[in-house]
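Novice: Here's a structure for you.
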Amino acid sequence: MTSFDTTPQLNVWRALLALAVVFVMLATSGWTALHSHRAASPLQASRSAWEHGSIAGQRLPDPDSAPDRLAHFFTTLDAQQLARLAHRYPLAVGNMNGAPVTLRYEANRLALQHERKVERKRMHDSRLSSLGHHDAGRRMHRYEAMLHKGRKILAFDPNGSGRVAEVFGNLDKADRVSVVVPGVDTDLLTFQRTYKKYSAPVGMASSLYRAERAADPGARTAVIAWADYTAPSGLGIDAATAMRAEDGAVRLNALVRALPGNTEVALYCHSYGSVLCGVAASSLPSRVSDIAVAGSPGMRTGKAANLHTTARVWAMRDADDWIKDVPYMEVGGLGHGADPVSQGFGARVLSADGAKGHAGYFEPGTESLRNFAEIGIGAYRAVQCAHDDDACRTGLSAGASV
C-alpha cells in the first residue's frame, strides 16, 4: 500500500475484522449517518464551468464522453484554442480522459500554481488553527515539488486528501506502459517521500522506470505513478472491505482505456492496490497484458481464474512481509479472499529476494524490482521464479498469454 506501511500489530487487524460487522450495522442503520451540504470541490467547479463553456462558437462536449470522442474533439482545435481551454478549465482538462497528455500536463501545472497560492494564503489565515496552518504549509510545499521542471502530472485533484498521477517517460511514444497502483494511506502528502522513498508512489514508479531502462535501454517504456483514487486511511473498515477498491477500479479502468495508442499495459499492484486490481480485472480491456501483485492481502477471489482476465497474473511476497499473517478469507464482505502466492490460487509466483518487508518491493537492487522490470519490457523468460521448479515461466514466450 504505500500500502499498509505502518507495520501494525496483527492482533489489531484481526480485531478490526471482528468488529467491522458492528460498524457496518451502525452505518447501514443510520446511527452514524451525517448529512451535510458542501460547496462544489475545485474539480467539480471546473467541470461545471466546462459544461457551460464553448470554443469557436461551439458548445464543449460532455466531459464524461468516451475518451475516443473527446480525443477527436481536441484534434479539431489549434494550439491557441487548446491553450485557451487549459487556462479556462485547468482541473477539468487536467483530469479529462481523452485529452492529449501534454495538454493535461500543462493544465495540471496551471491548477497546481493556483492551489499553491491558495495554500500560501491559508498559511497566514488568522481563522485557522496552528494545525491548519501546518497542513496548509505541507500542501504548499507538496505543490511546489510537483511544479518542478520536467514533472508530468497526468491527474490532480486537491479536494480532501487529494488524488494525483504522474508519468515517467514519454507516454505518447511508449510501446509498453506500466501503472503502479499503491494502497492504504496514499494521498497528496504521501505521494512522494524523502524517507523510505521507494515505499511511496513516486519512488516506486521512478525506480521501476529506471529498472526497465537498465534492463533494455532501447525499450520505449513509460511508467505511471497512479494515486488517482481515494485510498483507505489506515487499517480501519475501508481497508478490510472492497469499498475503496470498487470506486478505484472504475477510475483505473477509465485511465487504461484512455491511454494513447494501442500499447500493452502492465499493472503493478501493491498491498491494498492488489485488492483494487482484483476488483478491476474483469472489466479491464485486453490491452492489459499483465497484473503483478506484491504484498497482497488478497484479490477478492479464491483463484486467479475467477478474475476473468486475459492478462498474465503474477504474485510475489517477501519472506519478512507481515501481510502473510493477515487472515486470507472473505466473510460477509470482510477480508479479501485467498492468498495470491498460495499454490491453489494459480498465479505465477515470482521471487521477491531482497525486498526486506512489506514496503520494499521497489527498492533498487532487489529481485522483486528486477522481476517487475522484466515484465514491463516483455522479457517474460527472464523473470526469476519463487520456487526451483520454474513454474512461473511455464508456457511463456514474449507476447504469450496465460
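Following the order of the C-alpha cells, chains are lettered A, B, ..., residues in each are numbered from 1, and ligands are numbered from 1.
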I want to know what sits within 10 Å of range 87-102 of chain A, based on only C-alpha atoms, with residues of the same chain fewer than 5 positions away left out; could you give that as an NGL selection string?

Specialist: :A and (42-51 or 53 or 63-75 or 81-82 or 107-112 or 114 or 152-158 or 164-165 or 167 or 170-172 or 228 or 254-260)

Novice: Taking only range 144-369 of chain A into account, list the residues labelled helix (DSSP H, G or I) by DSSP (computed from the backbone), as a VMD selection string.

Specialist: chain A and resid 144 to 146 197 to 199 201 to 215 237 to 240 243 to 258 272 to 283 304 to 307 322 to 325 367 to 369

Novice: Restricting it to C-alpha atoms, dump the selection as a compact mmCIF listing (two decimals), in the first residue's frame.

Specialist:
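Once written, out.txt looks like this:
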# COMPACT_ATOMS: atom_id res chain seq x y z
CA GLU A 144 5.89 23.34 -5.22
CA ALA A 145 7.65 20.00 -5.56
CA MET A 146 5.13 18.84 -8.16
CA LYS A 197 11.20 6.99 -0.77
CA TYR A 198 10.59 3.67 -2.54
CA SER A 199 7.53 2.98 -0.40
CA PRO A 201 4.16 6.02 -5.47
CA VAL A 202 6.71 8.44 -6.97
CA GLY A 203 9.62 6.39 -5.66
CA MET A 204 8.02 3.13 -6.81
CA ALA A 205 7.33 4.36 -10.33
CA SER A 206 10.63 6.17 -10.86
CA SER A 207 12.53 3.13 -9.60
CA LEU A 208 10.60 0.84 -11.95
CA TYR A 209 11.18 3.18 -14.89
CA ARG A 210 14.94 3.22 -14.27
CA ALA A 211 14.99 -0.57 -13.89
CA GLU A 212 13.12 -1.03 -17.19
CA ARG A 213 15.57 1.28 -18.95
CA ALA A 214 18.50 -0.60 -17.43
CA ALA A 215 17.05 -3.96 -18.49
CA ILE A 237 -13.15 -0.70 7.91
CA ASP A 238 -12.23 0.71 4.49
CA ALA A 239 -9.06 -1.40 4.37
CA ALA A 240 -10.96 -4.54 5.38
CA MET A 243 -15.49 -0.25 -0.98
CA ARG A 244 -12.49 1.92 -1.86
CA ALA A 245 -11.26 -0.70 -4.32
CA GLU A 246 -14.57 -0.71 -6.19
CA ASP A 247 -14.51 3.06 -6.64
CA GLY A 248 -10.84 2.94 -7.61
CA ALA A 249 -11.43 0.13 -10.12
CA VAL A 250 -13.76 2.36 -12.12
CA ARG A 251 -11.10 5.08 -12.24
CA LEU A 252 -8.32 2.64 -13.16
CA ASN A 253 -10.41 1.18 -15.97
CA ALA A 254 -11.06 4.69 -17.31
CA LEU A 255 -7.34 5.52 -17.22
CA VAL A 256 -6.27 2.37 -19.06
CA ARG A 257 -8.91 2.81 -21.78
CA ALA A 258 -7.82 6.42 -22.35
CA TYR A 272 -4.45 -2.86 -0.92
CA GLY A 273 -3.73 -1.82 -4.52
CA SER A 274 -3.93 -5.55 -5.35
CA VAL A 275 -7.48 -5.60 -3.97
CA LEU A 276 -8.31 -2.79 -6.40
CA CYS A 277 -6.67 -4.64 -9.30
CA GLY A 278 -8.56 -7.80 -8.44
CA VAL A 279 -11.87 -5.95 -8.47
CA ALA A 280 -10.97 -4.21 -11.75
CA ALA A 281 -9.56 -7.25 -13.56
CA SER A 282 -12.70 -8.49 -15.34
CA SER A 283 -13.60 -5.06 -16.72
CA ALA A 304 -6.74 -16.37 -10.41
CA ALA A 305 -9.04 -17.95 -12.99
CA ASN A 306 -12.00 -16.25 -11.30
CA LEU A 307 -10.55 -12.83 -12.15
CA TRP A 322 3.94 -9.06 7.81
CA ILE A 323 0.99 -9.26 5.40
CA LYS A 324 1.44 -13.05 5.31
CA ASP A 325 -0.14 -13.24 8.77
CA GLU A 367 14.94 -9.38 -7.19
CA SER A 368 11.38 -8.08 -6.89
CA LEU A 369 12.19 -4.90 -8.80

Novice: With distances taken over only C-alpha atoms, which residue among A:His141, A:His387, A:His148, A:His270 lies nearest Glu115 in chain A?

Specialist: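 Checking each candidate against Glu115 in chain A, we get A:His141 as the closest.
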
Novice: Suppose you want the space between CA of Glu119 in chain A and CA of Arg193 in chain A; what is it in Å?

Specialist: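 Between these atoms lies a distance of 19.9 Å.
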
Novice: From a DSSP pass on the backbone, collect the residues of range 114-262 of chain A flagged as strand (DSSP E or B) and hand them back as an MDAnalysis selection string.

Specialist: chainID A and resid 152:157 163:169 176:181 221:227

Novice: Tyr361 in chain A: which residues within 12 Å, counting only C-alpha atoms, same-chain residues fewer than 4 positions away excluded, as an mmCIF file with C-alpha atoms, in the first residue's frame?

Specialist:
data_model
loop_
_atom_site.group_PDB
_atom_site.id
_atom_site.type_symbol
_atom_site.label_atom_id
_atom_site.label_comp_id
_atom_site.auth_asym_id
_atom_site.auth_seq_id
_atom_site.Cartn_x
_atom_site.Cartn_y
_atom_site.Cartn_z
ATOM 1 C CA MET A 1 0.000 0.000 0.000
ATOM 2 C CA THR A 2 2.375 2.815 0.275
ATOM 3 C CA SER A 3 0.413 0.427 1.306
ATOM 4 C CA ASP A 5 3.206 0.750 5.500
ATOM 5 C CA VAL A 180 1.895 1.385 -10.288
ATOM 6 C CA PRO A 182 -0.427 1.742 -4.399
ATOM 7 C CA LYS A 196 11.694 5.423 2.647
ATOM 8 C CA LYS A 197 11.202 6.992 -0.769
ATOM 9 C CA TYR A 198 10.593 3.671 -2.544
ATOM 10 C CA SER A 199 7.529 2.977 -0.400
ATOM 11 C CA ALA A 200 5.688 5.945 -1.969
ATOM 12 C CA PRO A 201 4.159 6.022 -5.474
ATOM 13 C CA GLY A 203 9.624 6.393 -5.663
ATOM 14 C CA MET A 204 8.016 3.129 -6.808
ATOM 15 C CA ALA A 205 7.329 4.365 -10.334
ATOM 16 C CA SER A 207 12.533 3.127 -9.599
ATOM 17 C CA LEU A 208 10.600 0.843 -11.947
ATOM 18 C CA TYR A 268 1.849 -3.383 -10.523
ATOM 19 C CA CYS A 269 -0.493 -3.566 -7.569
ATOM 20 C CA HIS A 270 0.956 -3.215 -4.083
ATOM 21 C CA SER A 271 -0.899 -4.350 -0.941
ATOM 22 C CA ALA A 292 1.513 -8.271 -10.897
ATOM 23 C CA VAL A 293 0.706 -8.087 -7.183
ATOM 24 C CA ALA A 294 3.120 -7.695 -4.289
ATOM 25 C CA GLY A 295 2.428 -7.945 -0.579
ATOM 26 C CA SER A 296 -1.217 -8.680 -1.310
ATOM 27 C CA ALA A 315 2.308 -12.594 -7.431
ATOM 28 C CA MET A 316 5.194 -12.164 -5.008
ATOM 29 C CA ARG A 317 5.686 -11.779 -1.282
ATOM 30 C CA ASP A 318 8.853 -11.229 0.684
ATOM 31 C CA ALA A 319 9.529 -13.705 3.492
ATOM 32 C CA ASP A 320 9.616 -10.845 6.019
ATOM 33 C CA ASP A 321 6.374 -9.220 4.872
ATOM 34 C CA LEU A 350 7.854 -14.614 -8.538
ATOM 35 C CA SER A 351 10.924 -14.251 -6.342
ATOM 36 C CA ALA A 352 10.998 -11.180 -4.085
ATOM 37 C CA ASP A 353 14.511 -11.727 -2.739
ATOM 38 C CA GLY A 354 15.940 -8.613 -1.126
ATOM 39 C CA ALA A 355 12.636 -6.791 -0.699
ATOM 40 C CA LYS A 356 13.022 -6.667 3.110
ATOM 41 C CA GLY A 357 9.433 -6.491 4.194
ATOM 42 C CA GLY A 365 18.893 -3.978 -6.369
ATOM 43 C CA THR A 366 16.076 -6.301 -5.288
ATOM 44 C CA GLU A 367 14.935 -9.376 -7.189
ATOM 45 C CA SER A 368 11.382 -8.079 -6.886
ATOM 46 C CA LEU A 369 12.187 -4.899 -8.800
ATOM 47 C CA ARG A 370 14.191 -6.773 -11.429
ATOM 48 C CA ASN A 371 11.267 -9.130 -11.993
ATOM 49 C CA PHE A 372 8.879 -6.207 -12.309
ATOM 50 C CA ALA A 373 11.173 -4.603 -14.894
#

Novice: From the options A:Ile375, A:Val349, A:Leu267, A:Leu128, which residue's atoms come nearest to Thr394 in chain A, counting only C-alpha atoms?

Specialist: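 Using only C-alpha atoms, Thr394 in chain A sits closest to A:Val349.
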
Novice: Quick one: residues within 6 Å of His336 in chain A, only C-alpha atoms, excluding same-chain residues fewer than 5 positions away - as a PyMOL selection string?

Specialist: chain A and resi 298-300+329-330

Novice: Next, dump the selected residues to file, keeping only C-alpha atoms, as an mmCIF file, in the first residue's frame.

Specialist:
data_model
loop_
_atom_site.group_PDB
_atom_site.id
_atom_site.type_symbol
_atom_site.label_atom_id
_atom_site.label_comp_id
_atom_site.auth_asym_id
_atom_site.auth_seq_id
_atom_site.Cartn_x
_atom_site.Cartn_y
_atom_site.Cartn_z
ATOM 1 C CA GLY A 298 -5.997 -10.872 -1.401
ATOM 2 C CA MET A 299 -7.661 -10.036 -4.711
ATOM 3 C CA ARG A 300 -11.303 -10.617 -3.706
ATOM 4 C CA MET A 329 -10.532 -15.038 3.898
ATOM 5 C CA GLU A 330 -13.681 -13.223 2.873
#

Novice: Mind giving me the straight-line distance from CA of Val288 in chain A to CA of Glu264 in chain A in Å, one decimal?

Specialist: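 Result for CA of Val288 in chain A versus CA of Glu264 in chain A: 5.9 Å, one decimal.
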
Novice: Do you know which residues are at most 8 Å from Arg138 in chain A counting only C-alpha atoms, after dropping those on the same chain fewer than 4 positions away, and could you put them as number ranges by chain?

Specialist: A: 134, 142, 189

Novice: So that I have them on file, write out the residues from the current selection with N, CA and C atoms, as an mmCIF file, in the first residue's frame.

Specialist:
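Saved file again_12.cif follows:
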data_model
loop_
_atom_site.group_PDB
_atom_site.id
_atom_site.type_symbol
_atom_site.label_atom_id
_atom_site.label_comp_id
_atom_site.auth_asym_id
_atom_site.auth_seq_id
_atom_site.Cartn_x
_atom_site.Cartn_y
_atom_site.Cartn_z
ATOM 1 N N HIS A 134 -0.206 24.486 9.642
ATOM 2 C CA HIS A 134 0.790 23.462 9.337
ATOM 3 C C HIS A 134 0.372 22.634 8.126
ATOM 4 N N ARG A 142 4.211 20.549 -1.073
ATOM 5 C CA ARG A 142 3.984 19.433 -1.982
ATOM 6 C C ARG A 142 3.711 19.954 -3.385
ATOM 7 N N LEU A 189 -0.131 14.116 0.156
ATOM 8 C CA LEU A 189 1.013 14.355 1.029
ATOM 9 C C LEU A 189 1.956 13.165 1.116
#

Novice: Which residue gives the smallest distance to Ile291 in chain A among A:Pro327, A:Asp216, A:Lys303, A:Val313, with only C-alpha atoms counted?

Specialist: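 Checking each of A:Pro327, A:Asp216, A:Lys303, A:Val313 against Ile291 in chain A, counting only C-alpha atoms, the winner is A:Val313.
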
Novice: Could you jot down the CA of Gln113 in chain A to CA of Tyr143 in chain A separation for me, Å, one decimal place?

Specialist: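 CA of Tyr143 in chain A lies 7.6 Å from CA of Gln113 in chain A.
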
Novice: Smallest atom-to-atom distance to Gly332 in chain A: which of A:Ile55, A:Ala225, A:Ala219, A:Ala242, using only C-alpha atoms?

Specialist: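 Nearest to Gly332 in chain A: A:Ala242.
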
Novice: For Thr221 in chain A, which residue among A:Gly360, A:Gly169, A:Gly346, A:Pro297 is the nearest when counting only C-alpha atoms?

Specialist: A:Gly169
